[in-house]
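Have a look at protein-v2.pdb below; it lists PDB, C-alpha atoms, pLDDT in the B column.
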ATOM      1  CA  MET A  20     -25.846  -2.033  -0.219  1.00 82.00           C
ATOM      2  CA  HIS A  21     -24.741  -0.155  -3.359  1.00 94.00           C
ATOM      3  CA  ALA A  22     -23.994  -3.415  -5.168  1.00 96.00           C
ATOM      4  CA  SER A  23     -27.451  -4.732  -4.282  1.00 95.00           C
ATOM      5  CA  LYS A  24     -29.061  -1.580  -5.637  1.00 95.00           C
ATOM      6  CA  ALA A  25     -27.022  -2.047  -8.830  1.00 96.00           C
ATOM      7  CA  GLY A  26     -28.810  -5.374  -9.320  1.00 95.00           C
ATOM      8  CA  PHE A  27     -26.161  -7.852  -8.237  1.00 97.00           C
ATOM      9  CA  THR A  28     -27.002 -11.158  -6.569  1.00 96.00           C
ATOM     10  CA  GLU A  29     -26.228 -11.778  -2.910  1.00 97.00           C
ATOM     11  CA  LEU A  30     -23.229 -13.902  -3.933  1.00 97.00           C
ATOM     12  CA  VAL A  31     -21.752 -11.091  -6.059  1.00 97.00           C
ATOM     13  CA  VAL A  32     -22.422  -8.559  -3.282  1.00 97.00           C
ATOM     14  CA  GLU A  33     -20.409 -10.748  -0.897  1.00 97.00           C
ATOM     15  CA  GLN A  34     -17.605 -11.047  -3.468  1.00 97.00           C
ATOM     16  CA  VAL A  35     -17.444  -7.262  -3.818  1.00 98.00           C
ATOM     17  CA  LYS A  36     -17.400  -6.840  -0.036  1.00 97.00           C
ATOM     18  CA  MET A  37     -14.542  -9.313   0.322  1.00 97.00           C
ATOM     19  CA  ALA A  38     -12.526  -7.662  -2.465  1.00 97.00           C
ATOM     20  CA  VAL A  39     -13.002  -4.207  -0.902  1.00 98.00           C
ATOM     21  CA  ASP A  40     -11.956  -5.573   2.495  1.00 96.00           C
ATOM     22  CA  GLU A  41      -8.784  -7.068   0.962  1.00 94.00           C
ATOM     23  CA  ALA A  42      -7.962  -3.828  -0.882  1.00 96.00           C
ATOM     24  CA  CYS A  43      -8.406  -1.697   2.247  1.00 95.00           C
ATOM     25  CA  THR A  44      -6.345  -4.144   4.304  1.00 93.00           C
ATOM     26  CA  ASN A  45      -3.560  -3.885   1.721  1.00 92.00           C
ATOM     27  CA  VAL A  46      -3.655  -0.082   1.930  1.00 95.00           C
ATOM     28  CA  ILE A  47      -3.312  -0.156   5.720  1.00 94.00           C
ATOM     29  CA  GLU A  48      -0.691  -2.920   5.849  1.00 91.00           C
ATOM     30  CA  HIS A  49       1.427  -2.008   2.825  1.00 89.00           C
ATOM     31  CA  ALA A  50       0.790   1.553   1.637  1.00 94.00           C
ATOM     32  CA  TYR A  51       0.599   2.954   5.169  1.00 95.00           C
ATOM     33  CA  GLU A  52       2.815   0.274   6.771  1.00 94.00           C
ATOM     34  CA  GLY A  53       0.302  -0.460   9.534  1.00 90.00           C
ATOM     35  CA  GLN A  54      -0.522   3.151  10.376  1.00 90.00           C
ATOM     36  CA  ASN A  55      -4.299   2.746  10.540  1.00 81.00           C
ATOM     37  CA  GLU A  56      -5.044   6.427  11.213  1.00 89.00           C
ATOM     38  CA  GLN A  57      -4.197   7.479   7.645  1.00 94.00           C
ATOM     39  CA  PRO A  58      -6.887   8.555   5.135  1.00 94.00           C
ATOM     40  CA  VAL A  59      -8.507   6.116   2.716  1.00 95.00           C
ATOM     41  CA  GLU A  60     -11.034   7.510   0.243  1.00 96.00           C
ATOM     42  CA  ILE A  61     -13.680   5.168  -1.149  1.00 97.00           C
ATOM     43  CA  ALA A  62     -16.035   6.023  -4.008  1.00 98.00           C
ATOM     44  CA  ILE A  63     -18.735   3.946  -5.685  1.00 98.00           C
ATOM     45  CA  ILE A  64     -19.098   4.586  -9.409  1.00 98.00           C
ATOM     46  CA  VAL A  65     -22.045   2.983 -11.183  1.00 97.00           C
ATOM     47  CA  THR A  66     -22.425   3.214 -14.933  1.00 97.00           C
ATOM     48  CA  GLU A  67     -24.638   1.340 -17.336  1.00 96.00           C
ATOM     49  CA  ASP A  68     -21.840  -1.186 -17.950  1.00 97.00           C
ATOM     50  CA  ASP A  69     -19.803  -1.296 -14.727  1.00 98.00           C
ATOM     51  CA  PHE A  70     -19.919  -1.144 -10.956  1.00 98.00           C
ATOM     52  CA  THR A  71     -16.612   0.219  -9.631  1.00 98.00           C
ATOM     53  CA  VAL A  72     -15.293   0.695  -6.119  1.00 98.00           C
ATOM     54  CA  ARG A  73     -12.416   3.205  -6.226  1.00 98.00           C
ATOM     55  CA  ILE A  74     -10.059   3.144  -3.246  1.00 98.00           C
ATOM     56  CA  ARG A  75      -7.549   5.991  -2.953  1.00 97.00           C
ATOM     57  CA  ASP A  76      -4.671   6.537  -0.552  1.00 97.00           C
ATOM     58  CA  LYS A  77      -1.540   8.664  -0.186  1.00 96.00           C
ATOM     59  CA  GLY A  78       0.741   5.885   1.038  1.00 94.00           C
ATOM     60  CA  ARG A  79       3.490   3.881  -0.594  1.00 92.00           C
ATOM     61  CA  GLN A  80       2.677   2.905  -4.183  1.00 90.00           C
ATOM     62  CA  PHE A  81       1.955  -0.746  -5.087  1.00 83.00           C
ATOM     63  CA  ASN A  82       4.635  -2.020  -7.483  1.00 72.00           C
ATOM     64  CA  GLN A  83       2.688  -4.054 -10.028  1.00 64.00           C
ATOM     65  CA  GLN A  84       5.870  -5.140 -11.844  1.00 68.00           C
ATOM     66  CA  SER A  85       7.259  -6.918  -8.790  1.00 67.00           C
ATOM     67  CA  TYR A  86       3.984  -8.708  -7.935  1.00 59.00           C
ATOM     68  CA  ARG A  87       3.930 -12.462  -8.505  1.00 68.00           C
ATOM     69  CA  GLU A  88       0.863 -14.668  -8.151  1.00 70.00           C
ATOM     70  CA  PRO A  89       1.252 -16.815  -5.029  1.00 62.00           C
ATOM     71  CA  ASP A  90       2.172 -20.469  -5.472  1.00 64.00           C
ATOM     72  CA  LEU A  91      -0.732 -21.989  -3.551  1.00 63.00           C
ATOM     73  CA  ILE A  92       0.910 -25.427  -3.297  1.00 65.00           C
ATOM     74  CA  GLN A  93       4.105 -23.930  -1.856  1.00 68.00           C
ATOM     75  CA  TYR A  94       2.112 -21.810   0.591  1.00 62.00           C
ATOM     76  CA  ALA A  95       0.235 -24.918   1.765  1.00 61.00           C
ATOM     77  CA  LYS A  96       3.471 -26.878   2.186  1.00 67.00           C
ATOM     78  CA  THR A  97       5.096 -24.143   4.271  1.00 70.00           C
ATOM     79  CA  LYS A  98       1.842 -23.256   6.067  1.00 64.00           C
ATOM     80  CA  LYS A  99       2.475 -19.613   5.253  1.00 62.00           C
ATOM     81  CA  SER A 100      -0.443 -17.238   5.755  1.00 58.00           C
ATOM     82  CA  GLY A 101      -1.097 -13.879   4.157  1.00 62.00           C
ATOM     83  CA  GLY A 102      -0.025 -12.623   0.772  1.00 66.00           C
ATOM     84  CA  PHE A 103      -3.261 -13.532  -0.994  1.00 78.00           C
ATOM     85  CA  GLY A 104      -5.002 -10.133  -1.102  1.00 83.00           C
ATOM     86  CA  VAL A 105      -4.295  -9.214  -4.731  1.00 90.00           C
ATOM     87  CA  HIS A 106      -4.908 -12.801  -5.840  1.00 90.00           C
ATOM     88  CA  ILE A 107      -8.295 -12.862  -4.072  1.00 92.00           C
ATOM     89  CA  MET A 108      -9.325  -9.478  -5.501  1.00 95.00           C
ATOM     90  CA  ARG A 109      -8.439 -10.607  -9.031  1.00 94.00           C
ATOM     91  CA  LYS A 110     -10.435 -13.832  -8.633  1.00 95.00           C
ATOM     92  CA  LEU A 111     -13.519 -12.082  -7.227  1.00 97.00           C
ATOM     93  CA  MET A 112     -13.662  -9.049  -9.507  1.00 98.00           C
ATOM     94  CA  ASP A 113     -13.782  -8.700 -13.294  1.00 98.00           C
ATOM     95  CA  ASP A 114     -11.004  -6.084 -13.306  1.00 98.00           C
ATOM     96  CA  VAL A 115      -8.554  -4.773 -10.720  1.00 96.00           C
ATOM     97  CA  ILE A 116      -6.855  -1.599 -11.937  1.00 96.00           C
ATOM     98  CA  TYR A 117      -3.988   0.163 -10.166  1.00 96.00           C
ATOM     99  CA  GLN A 118      -2.754   3.644 -10.995  1.00 95.00           C
ATOM    100  CA  SER A 119      -0.981   6.525  -9.282  1.00 93.00           C
ATOM    101  CA  SER A 120      -1.062  10.241 -10.018  1.00 92.00           C
ATOM    102  CA  GLY A 121      -1.189  13.555  -8.221  1.00 90.00           C
ATOM    103  CA  GLY A 122       0.112  12.041  -4.989  1.00 91.00           C
ATOM    104  CA  PHE A 123      -2.683   9.449  -4.856  1.00 94.00           C
ATOM    105  CA  ASN A 124      -2.635   5.696  -5.356  1.00 96.00           C
ATOM    106  CA  GLU A 125      -5.849   4.293  -6.744  1.00 96.00           C
ATOM    107  CA  CYS A 126      -7.198   0.747  -6.841  1.00 97.00           C
ATOM    108  CA  CYS A 127     -10.371   0.296  -8.883  1.00 98.00           C
ATOM    109  CA  LEU A 128     -12.327  -2.906  -8.309  1.00 98.00           C
ATOM    110  CA  VAL A 129     -14.697  -3.452 -11.240  1.00 98.00           C
ATOM    111  CA  LYS A 130     -17.676  -5.772 -11.716  1.00 98.00           C
ATOM    112  CA  HIS A 131     -19.332  -5.714 -15.108  1.00 98.00           C
ATOM    113  CA  ARG A 132     -23.098  -5.304 -15.121  1.00 95.00           C
ATOM    114  CA  GLN A 133     -24.697  -7.831 -17.444  1.00 81.00           C
TER     115      GLN A 133
END
Can you dump the structure from the file as structure tokens?
Amino acid sequence: MHASKAGFTELVVEQVKMAVDEACTNVIEHAYEGQNEQPVEIAIIVTEDDFTVRIRDKGRQFNQQSYREPDLIQYAKTKKSGGFGVHIMRKLMDDVIYQSSGGFNECCLVKHRQ
């Protein structure tokens, strides 16, 4: 709804929704290790240039240095599922920014407004 009001097409709205879903799933599965009763704070920030969905949690921090893009061919060969969340978010959004401070982890999903 917010992305529509910001002037994005239906396709872009669906991309934002999917990226947010992946980010929240990662928070529950990885930051909170499956404990789905933990707090997740979501904020929509709209500026003249950007549409940002900020997702904050107090779980385990995402280690960006240890992340490796999945080898899609190898995944297909081994029929492995999962492990594509960050990859999907990066493909759907213009920027995916991770940071931690003050006891919070923050993932900002950014679409530029043209």
| said: Which residues are near segment 54-70 of chain A? Cut-off 8 Å, all atoms listed in the file, ignore same chain within fewer than 2 positions. Put them as a list in words. | reply: His21, Ala22, Ala25, Cys43, Val46, Ile47, Glu48, Tyr51, Glu52, Val72, Arg73, Ile74, Arg75, Asp76, Lys77, Val129, Lys130, His131, Arg132 and Gln133 of chain A
Could you give me the centre and size, in Å to one decimal, of an axis-aligned box around all listed atoms of segment 26-40 of chain A with 4 Å added on every side, as AutoDock Vina command-line options?
--center_x -20.4 --center_y -9.1 --center_z -3.4 --size_x 24.9 --size_y 17.7 --size_z 19.8
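Taking atom CA of Met112 of chain A and atom CA of Thr97 of chain A as the two end points, the separation is 27.7 Å.
Residues surrounding segment 103-106 of chain A within 9 Å are Ala38, Glu41, Ala42, Thr44, Asn45, Tyr86, Glu88, Pro89, Lys110, Leu111 and Val115 of chain A [all atoms listed in the file; sequence separation below 4 positions excluded].
Counting all atoms listed in the file, the residue from A:Gln34, A:Asn124, A:Thr28, A:Ser119 that sits nearest to Gly78 of chain A is A:Asn124.
Counting from atom CA of Cys127 of chain A, the distance to atom CA of Asp40 of chain A is 12.9 Å.
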| What is the distance between atom CA of Gly121 of chain A and atom CA of Thr71 of chain A, in Å to one decimal? | 20.4 Å
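Among the candidates A:Leu30, A:Asn82, A:Lys24, A:Val39, the one nearest to Leu128 of chain A when counting all atoms listed in the file is A:Val39.
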